[in-house]
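Below is final.cif, holding mmCIF, C-alpha atoms.
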```cif
data_data
#
loop_
_atom_site.label_atom_id
_atom_site.label_comp_id
_atom_site.auth_asym_id
_atom_site.auth_seq_id
_atom_site.Cartn_x
_atom_site.Cartn_y
_atom_site.Cartn_z
CA MET A 1 0.00 0.00 0.00
CA THR A 2 1.66 3.19 -1.19
CA SER A 3 1.48 6.26 0.98
CA ARG A 4 0.89 9.62 -0.63
CA VAL A 5 2.80 12.68 0.41
CA HIS A 6 1.47 16.17 -0.14
CA VAL A 7 3.89 18.31 -2.14
CA ALA A 8 3.88 22.05 -1.74
CA PRO A 9 3.26 24.11 -4.87
CA SER A 10 6.71 25.62 -4.62
CA GLY A 11 8.32 22.22 -5.16
CA ARG A 12 10.32 22.24 -1.92
CA GLY A 13 9.05 18.88 -0.79
CA PRO A 14 6.78 17.99 2.04
CA GLN A 15 6.18 20.66 4.65
CA ALA A 16 5.72 19.80 8.26
CA PRO A 17 3.15 21.75 10.18
CA ARG A 18 4.71 24.69 11.97
CA PRO A 19 4.18 24.85 15.68
CA ALA A 20 2.12 27.80 16.76
CA GLY A 21 4.42 30.31 18.34
CA PRO A 22 3.53 32.71 21.08
CA ALA A 23 1.19 35.55 20.04
CA THR A 24 2.76 38.94 19.52
CA PRO A 25 2.02 40.98 22.59
CA PRO A 26 0.08 44.20 21.98
CA PRO A 27 1.98 47.44 22.34
CA PRO A 28 1.90 48.80 25.83
CA ALA A 29 -0.80 51.36 26.48
CA PRO A 30 0.51 54.87 27.05
CA ASN A 31 0.72 55.96 30.61
CA ARG A 32 -2.17 58.36 31.25
CA VAL A 33 -0.29 60.20 33.93
CA ARG A 34 2.63 60.75 31.58
CA VAL A 35 0.30 62.03 28.82
CA ARG A 36 -1.34 64.47 31.21
CA ARG A 37 2.03 65.78 32.36
CA THR A 38 3.13 66.28 28.76
CA ARG A 39 -0.02 68.23 27.95
CA ARG A 40 0.38 70.39 31.03
CA ARG A 41 3.96 71.18 30.10
CA ALA A 42 2.85 72.15 26.60
CA LEU A 43 0.21 74.49 28.02
CA ILE A 44 2.66 76.42 30.17
CA PRO A 45 4.34 78.40 27.30
CA ALA A 46 0.93 79.15 25.73
CA ALA A 47 -0.41 80.41 29.06
CA VAL A 48 2.66 82.60 29.59
CA PHE A 49 2.29 84.26 26.17
CA LEU A 50 -1.52 84.66 26.45
CA ALA A 51 -1.58 85.89 30.05
CA PRO A 52 -0.93 89.61 29.29
CA LEU A 53 -3.55 89.67 26.55
CA LEU A 54 -6.13 87.82 28.64
CA LEU A 55 -5.44 90.13 31.57
CA PHE A 56 -5.91 93.21 29.39
CA TYR A 57 -9.18 91.96 27.90
CA GLY A 58 -10.41 90.78 31.28
CA VAL A 59 -9.86 94.17 32.92
CA TYR A 60 -11.30 95.99 29.90
CA TYR A 61 -14.50 93.96 29.68
CA LEU A 62 -14.97 93.80 33.44
CA TYR A 63 -14.65 97.57 33.71
CA ALA A 64 -17.01 98.07 30.75
CA PHE A 65 -19.70 95.83 32.23
CA VAL A 66 -19.42 97.40 35.67
CA PHE A 67 -19.56 100.89 34.15
CA LEU A 68 -22.64 100.07 32.06
CA GLY A 69 -24.35 98.43 35.00
CA GLN A 70 -23.78 101.42 37.27
CA THR A 71 -24.64 104.03 34.65
CA SER A 72 -27.81 102.26 33.45
CA THR A 73 -29.57 103.01 36.74
CA LYS A 74 -28.81 106.74 36.70
CA SER A 75 -30.06 109.82 34.90
CA VAL A 76 -26.90 111.53 33.68
CA ASP A 77 -25.68 113.41 30.62
CA LEU A 78 -22.28 113.54 28.92
CA SER A 79 -20.78 115.65 31.68
CA PHE A 80 -21.45 112.84 34.21
CA ALA A 81 -22.25 115.53 36.76
CA ASP A 82 -25.26 115.65 39.09
CA ALA A 83 -26.20 112.02 38.41
CA THR A 84 -29.42 110.91 40.04
CA ASP A 85 -30.41 107.32 40.78
CA VAL A 86 -33.57 106.28 38.88
CA GLY A 87 -33.46 102.52 39.48
CA TRP A 88 -34.95 100.43 36.67
CA GLN A 89 -36.69 103.36 34.98
CA ASN A 90 -34.26 103.47 32.04
CA PHE A 91 -34.83 99.78 31.33
CA ARG A 92 -38.61 100.25 31.42
CA LEU A 93 -38.39 103.19 29.03
CA VAL A 94 -36.22 101.26 26.60
CA LEU A 95 -38.41 98.17 26.63
CA THR A 96 -41.56 100.22 26.00
CA ASP A 97 -40.09 102.22 23.12
CA PRO A 98 -41.42 100.90 19.75
CA LEU A 99 -38.43 102.38 17.94
CA PHE A 100 -36.07 100.24 20.02
CA TRP A 101 -37.85 97.02 19.05
CA ARG A 102 -37.91 98.20 15.45
CA SER A 103 -34.13 98.63 15.56
CA ILE A 104 -33.71 95.06 16.84
CA GLY A 105 -36.07 93.84 14.13
CA ASN A 106 -33.99 95.69 11.52
CA ASN A 107 -30.84 94.03 12.87
CA LEU A 108 -32.34 90.58 12.46
CA LEU A 109 -33.91 91.48 9.09
CA PHE A 110 -30.66 92.77 7.61
CA ALA A 111 -28.76 89.77 9.02
CA ALA A 112 -31.28 87.35 7.49
CA ALA A 113 -31.05 89.17 4.15
CA GLN A 114 -27.25 89.03 4.04
CA ILE A 115 -27.24 85.38 5.14
CA ALA A 116 -29.64 84.53 2.32
CA ILE A 117 -27.47 86.46 -0.15
CA ALA A 118 -24.30 84.74 1.08
CA LEU A 119 -25.78 81.24 0.94
CA THR A 120 -27.06 81.76 -2.60
CA LEU A 121 -25.14 84.37 -4.57
CA GLY A 122 -21.99 84.09 -2.46
CA PHE A 123 -21.93 80.31 -2.75
CA PHE A 124 -22.53 80.48 -6.51
CA LEU A 125 -19.73 83.01 -7.01
CA ALA A 126 -17.33 80.94 -4.90
CA VAL A 127 -18.07 77.82 -6.96
CA CYS A 128 -17.53 79.75 -10.18
CA LEU A 129 -14.21 81.14 -8.95
CA ALA A 130 -13.04 77.76 -7.67
CA SER A 131 -13.89 76.07 -10.97
CA GLY A 132 -11.14 78.03 -12.75
CA VAL A 133 -12.99 80.68 -14.77
CA ARG A 134 -11.02 83.18 -16.80
CA PHE A 135 -9.95 86.43 -15.13
CA ARG A 136 -10.40 84.76 -11.77
CA ARG A 137 -8.00 87.13 -10.01
CA TYR A 138 -9.87 90.11 -11.38
CA PHE A 139 -13.15 88.82 -9.98
CA TYR A 140 -11.50 88.14 -6.62
CA VAL A 141 -10.49 91.80 -6.45
CA VAL A 142 -13.97 92.99 -7.47
CA PHE A 143 -15.78 90.94 -4.83
CA LEU A 144 -13.28 91.30 -2.00
CA LEU A 145 -12.49 95.00 -2.42
CA PRO A 146 -15.71 96.30 -0.74
CA SER A 147 -14.97 94.12 2.29
CA LEU A 148 -11.40 95.45 2.54
CA ILE A 149 -12.35 99.13 2.28
CA PRO A 150 -13.32 100.76 5.62
CA LEU A 151 -17.07 100.38 6.01
CA SER A 152 -17.56 104.02 6.95
CA LEU A 153 -15.92 105.21 3.71
CA PHE A 154 -17.85 102.72 1.62
CA ALA A 155 -21.20 103.71 3.19
CA THR A 156 -20.43 107.43 2.96
CA VAL A 157 -19.78 107.24 -0.78
CA PHE A 158 -22.98 105.28 -1.29
CA GLY A 159 -24.90 107.76 0.89
CA GLN A 160 -23.68 110.65 -1.26
CA MET A 161 -24.91 108.83 -4.35
CA LEU A 162 -28.40 108.65 -2.78
CA GLN A 163 -28.67 112.40 -2.19
CA THR A 164 -31.78 114.00 -3.69
CA ASN A 165 -29.98 117.08 -4.98
CA GLY A 166 -26.59 116.40 -6.46
CA GLY A 167 -26.63 112.66 -5.90
CA ALA A 168 -25.03 110.55 -8.61
CA ILE A 169 -28.11 108.33 -9.03
CA ASN A 170 -30.57 111.17 -9.61
CA GLN A 171 -28.13 113.04 -11.85
CA THR A 172 -27.64 109.94 -13.98
CA LEU A 173 -31.39 109.42 -14.30
CA ARG A 174 -31.89 113.04 -15.39
CA SER A 175 -29.04 112.89 -17.89
CA VAL A 176 -30.52 109.87 -19.69
CA GLY A 177 -34.02 111.34 -19.82
CA LEU A 178 -35.45 109.43 -16.84
CA GLY A 179 -35.79 112.39 -14.52
CA SER A 180 -39.27 111.26 -13.53
CA LEU A 181 -37.67 108.35 -11.66
CA ALA A 182 -35.45 110.64 -9.58
CA GLN A 183 -36.67 110.81 -5.98
CA ASP A 184 -35.70 111.16 -2.36
CA TRP A 185 -34.21 107.69 -1.91
CA THR A 186 -33.72 107.92 1.84
CA GLY A 187 -37.01 109.71 2.43
CA ASN A 188 -39.07 106.71 1.37
CA THR A 189 -39.13 103.61 3.59
CA ALA A 190 -39.11 101.08 0.74
CA THR A 191 -36.23 102.70 -1.18
CA ALA A 192 -34.22 103.24 2.01
CA TYR A 193 -34.51 99.55 2.88
CA ALA A 194 -33.60 98.66 -0.71
CA ALA A 195 -30.49 100.86 -0.51
CA ILE A 196 -29.25 99.03 2.58
CA LEU A 197 -29.93 95.66 0.96
CA VAL A 198 -27.85 96.74 -2.04
CA LEU A 199 -25.00 97.60 0.31
CA LEU A 200 -25.29 94.21 1.99
CA THR A 201 -25.14 92.53 -1.41
CA TYR A 202 -21.84 94.26 -2.15
CA LEU A 203 -20.42 93.07 1.18
CA ILE A 204 -20.36 89.34 0.41
CA GLY A 205 -16.59 89.23 -0.11
CA LEU A 206 -15.84 87.48 3.19
CA PRO A 207 -18.46 84.71 2.68
CA VAL A 208 -17.07 84.18 -0.82
CA MET A 209 -13.59 83.85 0.66
CA PHE A 210 -14.84 81.32 3.26
CA TYR A 211 -16.45 79.18 0.59
CA THR A 212 -13.50 79.43 -1.79
CA SER A 213 -10.99 78.34 0.83
CA ASP A 214 -13.10 75.32 1.85
CA LEU A 215 -13.85 74.33 -1.74
CA THR A 216 -10.13 73.81 -2.36
CA THR A 217 -10.06 71.12 0.36
CA ALA A 218 -13.41 69.49 -0.44
CA ASN A 219 -13.50 65.85 -1.56
CA THR A 220 -14.30 65.88 -5.28
CA ASP A 221 -14.62 62.10 -5.63
CA VAL A 222 -18.33 62.36 -4.90
CA LEU A 223 -18.77 64.87 -7.72
CA GLU A 224 -16.87 62.66 -10.15
CA ALA A 225 -19.06 59.69 -9.24
CA ALA A 226 -22.17 61.82 -9.72
CA MET A 227 -20.96 62.92 -13.16
CA LEU A 228 -20.44 59.30 -14.16
CA ASP A 229 -23.99 58.53 -13.02
CA GLY A 230 -25.34 61.26 -15.28
CA ALA A 231 -26.08 63.98 -12.72
CA LYS A 232 -26.56 67.49 -14.08
CA PRO A 233 -24.44 70.43 -12.86
CA GLY A 234 -27.38 72.01 -11.06
CA GLN A 235 -28.12 68.79 -9.23
CA MET A 236 -24.49 68.35 -8.20
CA TYR A 237 -24.27 71.85 -6.79
CA ARG A 238 -27.62 71.69 -4.99
CA LEU A 239 -27.71 68.08 -3.77
CA ILE A 240 -24.02 67.24 -3.29
CA LEU A 241 -21.72 70.26 -3.11
CA PHE A 242 -23.99 72.50 -1.02
CA PRO A 243 -24.56 69.89 1.74
CA LEU A 244 -20.85 69.03 1.59
CA LEU A 245 -19.98 72.52 2.89
CA ARG A 246 -22.26 72.32 5.90
CA ASN A 247 -19.60 73.48 8.35
CA THR A 248 -18.82 76.49 6.15
CA HIS A 249 -22.52 77.43 6.15
CA LYS A 250 -22.46 77.42 9.95
CA THR A 251 -19.42 79.70 10.01
CA VAL A 252 -20.97 82.13 7.53
CA ILE A 253 -24.33 82.24 9.35
CA LEU A 254 -22.84 82.80 12.79
CA SER A 255 -20.34 85.44 11.63
CA LEU A 256 -22.96 87.44 9.73
CA LEU A 257 -25.51 87.14 12.52
CA LEU A 258 -23.14 88.49 15.14
CA GLY A 259 -21.69 91.03 12.72
CA SER A 260 -25.12 92.56 12.13
CA PHE A 261 -24.96 94.16 15.59
CA ARG A 262 -21.82 96.07 14.48
CA TRP A 263 -23.21 97.64 11.33
CA PHE A 264 -23.41 101.12 12.80
CA GLU A 265 -21.32 102.71 10.04
CA LEU A 266 -23.28 100.96 7.34
CA VAL A 267 -26.60 102.54 8.33
CA TYR A 268 -25.40 105.80 9.85
CA PHE A 269 -23.33 106.94 6.87
CA SER A 270 -25.71 105.67 4.17
CA THR A 271 -29.30 106.41 5.23
CA ASN A 272 -28.72 107.92 8.70
CA SER A 273 -31.69 105.80 9.93
CA GLN A 274 -34.03 107.74 7.64
CA PRO A 275 -36.90 108.10 7.22
CA ALA A 276 -37.77 108.99 10.83
CA GLY A 277 -35.51 106.31 12.26
CA ARG A 278 -37.27 103.44 10.47
CA THR A 279 -34.09 101.97 8.98
CA GLY A 280 -32.11 102.38 12.19
CA ILE A 281 -30.45 99.47 13.97
CA THR A 282 -29.43 99.07 17.60
CA GLY A 283 -26.12 100.87 17.07
CA THR A 284 -27.70 103.98 15.59
CA TYR A 285 -30.47 103.89 18.21
CA ILE A 286 -27.97 103.94 21.08
CA TYR A 287 -25.79 106.55 19.37
CA GLY A 288 -28.82 108.79 18.79
CA HIS A 289 -29.55 108.89 22.53
CA MET A 290 -25.93 109.40 23.50
CA PHE A 291 -25.39 112.27 21.05
CA PRO A 292 -28.81 113.69 20.15
CA SER A 293 -29.06 116.64 17.80
CA SER A 294 -30.61 118.72 20.56
CA GLY A 295 -27.59 118.20 22.81
CA GLY A 296 -27.36 116.83 26.32
CA GLY A 297 -27.22 113.09 25.84
CA GLN A 298 -28.98 110.42 27.85
CA ILE A 299 -26.04 108.31 28.94
CA GLY A 300 -28.00 106.26 31.47
CA TYR A 301 -30.68 105.46 28.92
CA ALA A 302 -28.05 104.50 26.32
CA ALA A 303 -26.28 102.26 28.86
CA ALA A 304 -29.51 100.44 29.65
CA ALA A 305 -30.21 99.96 25.93
CA SER A 306 -26.66 98.63 25.44
CA LEU A 307 -27.10 95.99 28.14
CA ILE A 308 -30.42 94.87 26.66
CA VAL A 309 -28.87 94.62 23.19
CA LEU A 310 -26.00 92.58 24.64
CA VAL A 311 -28.45 90.12 26.19
CA VAL A 312 -30.40 89.88 22.92
CA ALA A 313 -27.20 89.25 20.91
CA ILE A 314 -26.07 86.51 23.29
CA ALA A 315 -29.52 84.89 23.19
CA VAL A 316 -29.68 84.98 19.39
CA SER A 317 -26.20 83.48 19.02
CA ALA A 318 -27.01 80.76 21.59
CA VAL A 319 -30.21 79.81 19.76
CA ASN A 320 -28.32 79.69 16.47
CA VAL A 321 -25.61 77.44 17.94
CA VAL A 322 -28.21 75.04 19.38
CA LEU A 323 -30.09 74.84 16.08
CA GLN A 324 -26.89 74.22 14.13
CA ARG A 325 -25.87 71.40 16.47
CA ARG A 326 -29.25 69.71 16.08
CA ARG A 327 -28.85 69.74 12.32
#
```
Please rewrite the model in this file as structure tokens.
Amino acid sequence: MTSRVHVAPSGRGPQAPRPAGPATPPPPAPNRVRVRRTRRRALIPAAVFLAPLLLFYGVYYLYAFVFLGQTSTKSVDLSFADATDVGWQNFRLVLTDPLFWRSIGNNLLFAAAQIAIALTLGFFLAVCLASGVRFRRYFYVVFLLPSLIPLSLFATVFGQMLQTNGGAINQTLRSVGLGSLAQDWTGNTATAYAAILVLLTYLIGLPVMFYTSDLTTANTDVLEAAMLDGAKPGQMYRLILFPLLRNTHKTVILSLLLGSFRWFELVYFSTNSQPAGRTGITGTYIYGHMFPSSGGGQIGYAAAASLIVLVVAIAVSAVNVVLQRRR
């Protein structure tokens, strides 16, 4: 009876079964205490360099909050002499003023308008620039230049163009035979709102820059797969690329929402809250009570309004952060 021997494919003859050796031990886990010590040592230089700056900002903000809190309960003018304690009267007057709530509504309205413009027109322009269109550098300059120019200068030039007598817009309309369309642009509520919205449209340079920088690092494999499946460009932008930049949308929304409370120059130098304060925002409302045209100044009233605006801004930003996390 002949025994059969299994031959390995390599032709080296029969192979005996190898004894199972000891398993390779896993690498030792890092010592948690050592990791914590390393992190603490790395934080020491950062804390040393940041300490002066944090101390400066801490003293500055603490003094500002204490000053506003003390001044908001007093009736005092710009001289800060003969201040009288009025308790919560300034807060009651602010909260019952319809013009104050209109200014907050304008803040939120203008912020919503610029967010909508940034998420649509700004996103479209960023995609076009990132796709390699001709004269791309020229378009970068055109869209980013308004955001780099001081906002007060930009709004002042636009405000001069809106002047009824001598304004560039009315003069242009009269020179082309459309003098019947010339009007008091800031004296009408609808045209004054439209003027501010036009300014906000010009100021989409920063959102375009946010989108452009993130588009360069986006994963384009999904777009290539969609093109192979026959997806149209509009579908790729709307259903794939737009959701892909979700974190950028959050950055744009939060930055514009918080930035809307600092648009004092935009409104003051363009429409000056006209007509009758209807286009005013919280910044112009507070400034108008600190430096009224009649003189004097209601510093306590302006301090109370500033604290209320601060609380509203914090609440709006907190709600926005919570909603973005849920999404």
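Of the residues under consideration (A:Asn90, A:Gln274, A:Ser293, A:Ser147), A:Ser147 shows the shortest atom-to-atom contact distance to Ile204 (chain A) when counting all atoms listed in the file.
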Evaluated on this file, the PyMOL selection byres ((chain A and resi 269) around 10) picks out some residues - which ones are they, written as a list in words?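 So the PyMOL selection byres ((chain A and resi 269) around 10) ends up selecting Leu151, Ser152, Leu153, Phe154, Ala155, Thr156, Val157, Phe158, Gly159, Gln160, Phe264, Glu265, Leu266, Val267, Tyr268, Ser270, Thr271, Asn272 and Ser273 of chain A.
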Mind checking which residues fall within 9 Å of Leu68 (chain A), counting only C-alpha atoms, ignoring those fewer than 3 positions away in the same chain, and posting them as a list in words? Tyr63, Ala64, Phe65, Thr71, Ser72, Thr73, Gly300, Ala303, Ala304, Ser306 and Leu307 of chain A
Answer key for the PyMOL selection byres ((chain A and resi 209-217) around 7), residues as a list in words: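 Output of the PyMOL selection byres ((chain A and resi 209-217) around 7): Phe123, Ala126, Ala130, Gly205, Leu206, Pro207, Val208, Ala218, Asn219 and Thr248 of chain A.
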Can you pull out the residues contacting region 164-170 of chain A? Cut-off 9 Å, using only C-alpha atoms, and skip same-chain residues under 6 positions away; I want them as an MDAnalysis selection string. chainID A and resid 178:179 181:186
Applying 12 Å and all atoms listed in the file, which residues near Ala226 (chain A) remain after dropping the ones on its own chain fewer than 3 positions away? List them as number ranges by chain. A: 220-223, 229-237, 239-241
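Counting only C-alpha atoms, the residue from A:Ile299, A:Leu144, A:Leu244, A:Leu109 that sits nearest to Ile196 (chain A) is A:Leu109.
Between CA of Ala112 (chain A) and CA of Leu199 (chain A) the interatomic distance comes to 14.0 Å.
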